[in-house]
Amino acid sequence: MNAYVAEKSKNDPYLQSQAARESNARSYPRRIPIAILEAEGIYVKDMDGKVYYDCLAGAGTLALGHNHPVVIDAIKTMLDSKRPLHTLDLTTPLKEQFVDELFSSLPEAFAKDARIQFCGPTGGDAIEAAIKLVKTATGHRSILSFQGGYHGSTHGTMSLSGTLGQKERVHGLIPDVHFLPYPYAYRCPFGVGGEQTHRISSRYIENLLNDPESGVVSPCGMIFEAVQGEGGSIPAPVEWIREMRRITQEKNIPLIIDEVQTGLGRTGKMFAFEHAGILPDVLVLSKAIGGSLPLSVVIYHKKLDAWKPGAHIGTFRGNQMAMAAGLATLKYIKENDIATKAEQLGNRLRDRLNELKSKVEFIGDVRGRGLMIGVEIVNANEEPDKLGHFPAYPKLASRIQQECLHRGLILEIGGRHSAVMRFLPPLIVTEQQIDEIARIFSEACHASCAALHAGEYV
């Protein structure tokens, strides 16, 4: 229940209509109960005229924020030019320009041998394509995935994801998916923490693949996020990513990196895998590459290009307007060095959040890479685990989210037990806006703490 009982709002008729007609699977409106009237940059305005900082930004889709001029101009030009809006996988000059720009954004060593498959509108469809690709190329069936990972909501992508809530009552998921320990140092799966977490994870995985009685038949691929998103904004140490690349290369296992949320500058590099200086075999992109419109692609080494014509299709893989918006977004990010700015601004926000952490007892961890940051909320009134970490506190995280919304800041919650406050602002955020976001979050945390001590909730 919301901490605030609002007076009659102009949002209410829209929320009531939505609740009456949309499925029970709707999610964001339950936690962010507003109807959006206007949006520009980092701001959205609801039906009451209240303005919010949007640090959800389409779950990372809006790299340049809402209605950025270069995106709007690209869309207007597209509409005025009589170019086709939908072409299946027939090519157009615009599509070729988009591919040129995307390939030029990749490390040269990867781009020179790359092939691209346009998929359906969502990242989940591109993950499905990536799995079909590596199964076809290798002839193998086992898939190595990771605890805490999130790759989508289709039958196939749920099978690869650590999230249990979505799939507990859904039968017939992909078999032969093996979940490995992700290097989540704060809640170490091995109970040691710190640098040892990623080292033990690497050793465990290598030993598993060397063991002739491991129970895991020859893998068709390994898939992971270089920074887990829904899992709680957990960045994998670069040393661990390098070890995964070494191990998969030595074992001839295709490495799939899911950059649906991290791609296009979000983490301080154009692509998150670049922090580790490695090259994947398969790269999955969506969200930001469509410039706010639906688009997803798989880019992979040509040695894997063994599937037959029509092996993966999708009616809307020819979304020309998304390619126009995506092309404009790519150019703007590169020309304005947005990735470097995202790293600098992410460091600034983490500094502010760590200052807050030193003052409030219920922030257990501040982590992230670039402008993909998580703040883990814990219950300091309960017994810590053997590593000294307190249990997650989802009720308090929910209260903080409400306090933020009341003050004009939209944040989402993720992570284990839904106790991680996630910051995904548009990459065009300014230093002043970062400071204001941190200030509002600090106020929300202190207000939540006061309510906790007043006994308003447990």
# chains A, B, ... in the order shown; residues from 1 in each chain; ligands from 1
>>> residues_around(residues="Pro93 of chain A", least_positions_apart="3", cutoff="12 Å", atoms="only C-alpha atoms", output="list in words")
Arg83, Pro84, Thr87, Leu90, Glu96, Gln97, Phe98, Val99, Asp100, Gln320, Met323 and Ala324 of chain A
>>> residues_around(residues="segment 439-448 of chain A", least_positions_apart="2", cutoff="7 Å", atoms="only C-alpha atoms", output="PDB file with N, CA and C atoms, in the first residue's frame")
ATOM      1  N   LEU A 356      25.832   8.922   1.523  1.00  0.00           N
ATOM      2  CA  LEU A 356      24.590   8.604   2.218  1.00  0.00           C
ATOM      3  C   LEU A 356      24.718   7.283   2.965  1.00  0.00           C
ATOM      4  N   ARG A 399       9.094   1.285   0.542  1.00  0.00           N
ATOM      5  CA  ARG A 399       8.767   2.576   1.160  1.00  0.00           C
ATOM      6  C   ARG A 399       9.653   3.687   0.595  1.00  0.00           C
ATOM      7  N   ILE A 400      10.932   3.396   0.410  1.00  0.00           N
ATOM      8  CA  ILE A 400      11.847   4.396  -0.163  1.00  0.00           C
ATOM      9  C   ILE A 400      11.394   4.767  -1.569  1.00  0.00           C
ATOM     10  N   GLU A 403       8.525   7.122  -1.235  1.00  0.00           N
ATOM     11  CA  GLU A 403       8.992   8.438  -0.771  1.00  0.00           C
ATOM     12  C   GLU A 403       9.667   9.192  -1.913  1.00  0.00           C
ATOM     13  N   CYS A 404      10.416   8.476  -2.743  1.00  0.00           N
ATOM     14  CA  CYS A 404      11.047   9.103  -3.914  1.00  0.00           C
ATOM     15  C   CYS A 404       9.986   9.615  -4.881  1.00  0.00           C
ATOM     16  N   ARG A 407       8.359  12.738  -3.919  1.00  0.00           N
ATOM     17  CA  ARG A 407       9.236  13.904  -4.056  1.00  0.00           C
ATOM     18  C   ARG A 407       9.634  14.178  -5.502  1.00  0.00           C
ATOM     19  N   ASP A 435      23.103  15.598  -8.844  1.00  0.00           N
ATOM     20  CA  ASP A 435      23.107  16.057  -7.449  1.00  0.00           C
ATOM     21  C   ASP A 435      21.687  16.164  -6.899  1.00  0.00           C
ATOM     22  N   GLU A 436      20.755  16.613  -7.730  1.00  0.00           N
ATOM     23  CA  GLU A 436      19.369  16.740  -7.278  1.00  0.00           C
ATOM     24  C   GLU A 436      18.739  15.357  -7.066  1.00  0.00           C
ATOM     25  N   ILE A 437      19.044  14.432  -7.946  1.00  0.00           N
ATOM     26  CA  ILE A 437      18.552  13.051  -7.782  1.00  0.00           C
ATOM     27  C   ILE A 437      19.078  12.462  -6.475  1.00  0.00           C
ATOM     28  N   ALA A 450      12.786   7.458   9.387  1.00  0.00           N
ATOM     29  CA  ALA A 450      11.971   8.047  10.456  1.00  0.00           C
ATOM     30  C   ALA A 450      10.660   7.290  10.613  1.00  0.00           C
ATOM     31  N   ALA A 451      10.042   6.920   9.488  1.00  0.00           N
ATOM     32  CA  ALA A 451       8.800   6.163   9.541  1.00  0.00           C
ATOM     33  C   ALA A 451       9.031   4.777  10.157  1.00  0.00           C
ATOM     34  N   LEU A 452      10.166   4.203   9.840  1.00  0.00           N
ATOM     35  CA  LEU A 452      10.513   2.886  10.410  1.00  0.00           C
ATOM     36  C   LEU A 452      10.636   2.980  11.925  1.00  0.00           C
TER      37      LEU A 452
END
>>> atom_distance(atom1="atom CA of Arg352 of chain A", atom2="atom CA of Ala438 of chain A")
6.3 Å
>>> residues_around(residues="Tyr182 of chain A", least_positions_apart="6", cutoff="7 Å", atoms="only C-alpha atoms", output="PyMOL selection string")
chain A and resi 146-147+201
>>> select_by_dssp(residues="segment 148-326 of chain A", states="alpha helix (DSSP H)", output="ChimeraX atom specification")
/A:155-160,195-210,238-250,320-326
>>> residues_around(residues="segment 422-431 of chain A", least_positions_apart="3", cutoff="10 Å", atoms="only C-alpha atoms", output="ChimeraX atom specification")
/A:41-43,53-66,68,229-230,232-233,261,264-268,333,338-339,341-346,348-349,367-368,370-376,401,410-415,419,434-437
>>> residues_around(residues="Gln166 of chain A", least_positions_apart="3", cutoff="12 Å", atoms="only C-alpha atoms", output="PyMOL selection string")
chain A and resi 25+150-155+157-163+169-171+173
>>> write_last_selection(atoms="C-alpha atoms", output="compact mmCIF listing (two decimals), in the first residue's frame")
# COMPACT_ATOMS: atom_id res chain seq x y z
CA ALA A 25 0.65 -9.28 -15.38
CA TYR A 150 17.72 -12.04 -16.53
CA HIS A 151 17.30 -12.59 -20.27
CA GLY A 152 13.58 -12.12 -20.98
CA SER A 153 10.06 -13.44 -20.40
CA THR A 154 9.49 -15.91 -23.24
CA HIS A 155 9.54 -19.64 -22.52
CA THR A 157 14.47 -16.78 -22.10
CA MET A 158 12.76 -17.57 -18.80
CA SER A 159 14.58 -20.89 -18.93
CA LEU A 160 17.89 -19.02 -19.01
CA SER A 161 16.98 -16.55 -16.27
CA GLY A 162 17.52 -16.90 -12.55
CA THR A 163 14.21 -15.24 -11.70
CA ARG A 169 4.05 -22.15 -12.55
CA VAL A 170 5.12 -22.38 -16.20
CA HIS A 171 5.96 -25.89 -17.35
CA LEU A 173 10.85 -24.76 -20.21
>>> residues_around(residues="segment 8-10 of chain A", least_positions_apart="2", cutoff="12 Å", atoms="only C-alpha atoms", output="PyMOL selection string")
chain A and resi 5-6+12-16+33-37+45-50
>>> select_by_dssp(residues="segment 239-408 of chain A", states="strand (DSSP E)", output="ChimeraX atom specification")
/A:255-258,282-285,297-301,363-368,373-377
>>> write_last_selection(atoms="N, CA and C atoms", output="tab-separated table (two decimals), in the first residue's frame")
chain	number	residue	atom	x	y	z
A	255	LEU	N	30.62	-17.83	-26.57
A	255	LEU	CA	30.29	-16.92	-25.47
A	255	LEU	C	29.30	-15.88	-25.95
A	256	ILE	N	28.12	-15.88	-25.32
A	256	ILE	CA	27.06	-14.93	-25.64
A	256	ILE	C	27.02	-13.89	-24.54
A	257	ILE	N	27.16	-12.62	-24.89
A	257	ILE	CA	27.03	-11.56	-23.89
A	257	ILE	C	25.74	-10.79	-24.17
A	258	ASP	N	24.90	-10.76	-23.15
A	258	ASP	CA	23.60	-10.08	-23.23
A	258	ASP	C	23.81	-8.62	-22.85
A	282	VAL	N	29.09	-13.88	-29.57
A	282	VAL	CA	27.73	-13.44	-29.88
A	282	VAL	C	27.40	-12.26	-28.97
A	283	LEU	N	26.85	-11.21	-29.55
A	283	LEU	CA	26.45	-10.02	-28.81
A	283	LEU	C	24.97	-9.76	-29.07
A	284	VAL	N	24.19	-9.60	-28.00
A	284	VAL	CA	22.76	-9.36	-28.13
A	284	VAL	C	22.45	-7.93	-27.71
A	285	LEU	N	21.76	-7.20	-28.59
A	285	LEU	CA	21.45	-5.79	-28.34
A	285	LEU	C	19.97	-5.52	-28.57
A	297	VAL	N	18.80	-6.93	-32.19
A	297	VAL	CA	19.70	-7.60	-33.12
A	297	VAL	C	20.61	-8.57	-32.38
A	298	VAL	N	21.10	-9.54	-33.13
A	298	VAL	CA	22.18	-10.41	-32.67
A	298	VAL	C	23.35	-10.20	-33.64
A	299	ILE	N	24.50	-9.93	-33.09
A	299	ILE	CA	25.72	-9.77	-33.89
A	299	ILE	C	26.68	-10.88	-33.46
A	300	TYR	N	27.25	-11.58	-34.42
A	300	TYR	CA	28.02	-12.77	-34.06
A	300	TYR	C	29.14	-13.02	-35.07
A	301	HIS	N	30.09	-13.86	-34.67
A	301	HIS	CA	31.21	-14.21	-35.55
A	301	HIS	C	30.71	-15.07	-36.70
A	363	ILE	N	21.55	0.97	4.23
A	363	ILE	CA	22.15	0.80	2.91
A	363	ILE	C	23.32	-0.17	3.07
A	364	GLY	N	23.16	-1.35	2.50
A	364	GLY	CA	24.19	-2.36	2.65
A	364	GLY	C	25.29	-2.25	1.61
A	365	ASP	N	24.93	-1.85	0.39
A	365	ASP	CA	25.91	-1.85	-0.68
A	365	ASP	C	25.51	-0.83	-1.75
A	366	VAL	N	26.51	-0.14	-2.27
A	366	VAL	CA	26.33	0.74	-3.43
A	366	VAL	C	27.26	0.21	-4.52
A	367	ARG	N	26.74	-0.07	-5.69
A	367	ARG	CA	27.56	-0.70	-6.73
A	367	ARG	C	27.03	-0.33	-8.10
A	368	GLY	N	27.81	-0.66	-9.10
A	368	GLY	CA	27.37	-0.42	-10.47
A	368	GLY	C	28.53	-0.07	-11.36
A	373	ILE	N	23.36	1.74	-11.69
A	373	ILE	CA	23.77	1.71	-10.29
A	373	ILE	C	22.68	1.08	-9.43
A	374	GLY	N	23.12	0.30	-8.44
A	374	GLY	CA	22.19	-0.31	-7.51
A	374	GLY	C	22.55	0.02	-6.07
A	375	VAL	N	21.53	0.23	-5.25
A	375	VAL	CA	21.69	0.48	-3.81
A	375	VAL	C	20.91	-0.61	-3.09
A	376	GLU	N	21.60	-1.48	-2.40
A	376	GLU	CA	20.94	-2.61	-1.74
A	376	GLU	C	20.48	-2.21	-0.34
A	377	ILE	N	19.19	-2.40	-0.09
A	377	ILE	CA	18.57	-2.02	1.18
A	377	ILE	C	18.50	-3.24	2.10
>>> closest_residue(among="A:Val227, A:Ala272, A:Cys119, A:Met244", to="Ala311 of chain A", atoms="only C-alpha atoms")
A:Cys119
>>> closest_residue(among="A:Gly172, A:Gly221, A:Pro294, A:Pro391", to="Ala137 of chain A", atoms="only C-alpha atoms")
A:Gly221
>>> atom_distance(atom1="atom CA of Val360 of chain A", atom2="atom CA of Gln196 of chain A")
27.4 Å
>>> atom_distance(atom1="atom CA of Ala380 of chain A", atom2="atom CA of Leu396 of chain A")
11.2 Å
>>> closest_residue(among="A:Ile247, A:Arg187, A:Leu85, A:Ala226", to="Asn207 of chain A", atoms="only C-alpha atoms")
A:Ile247
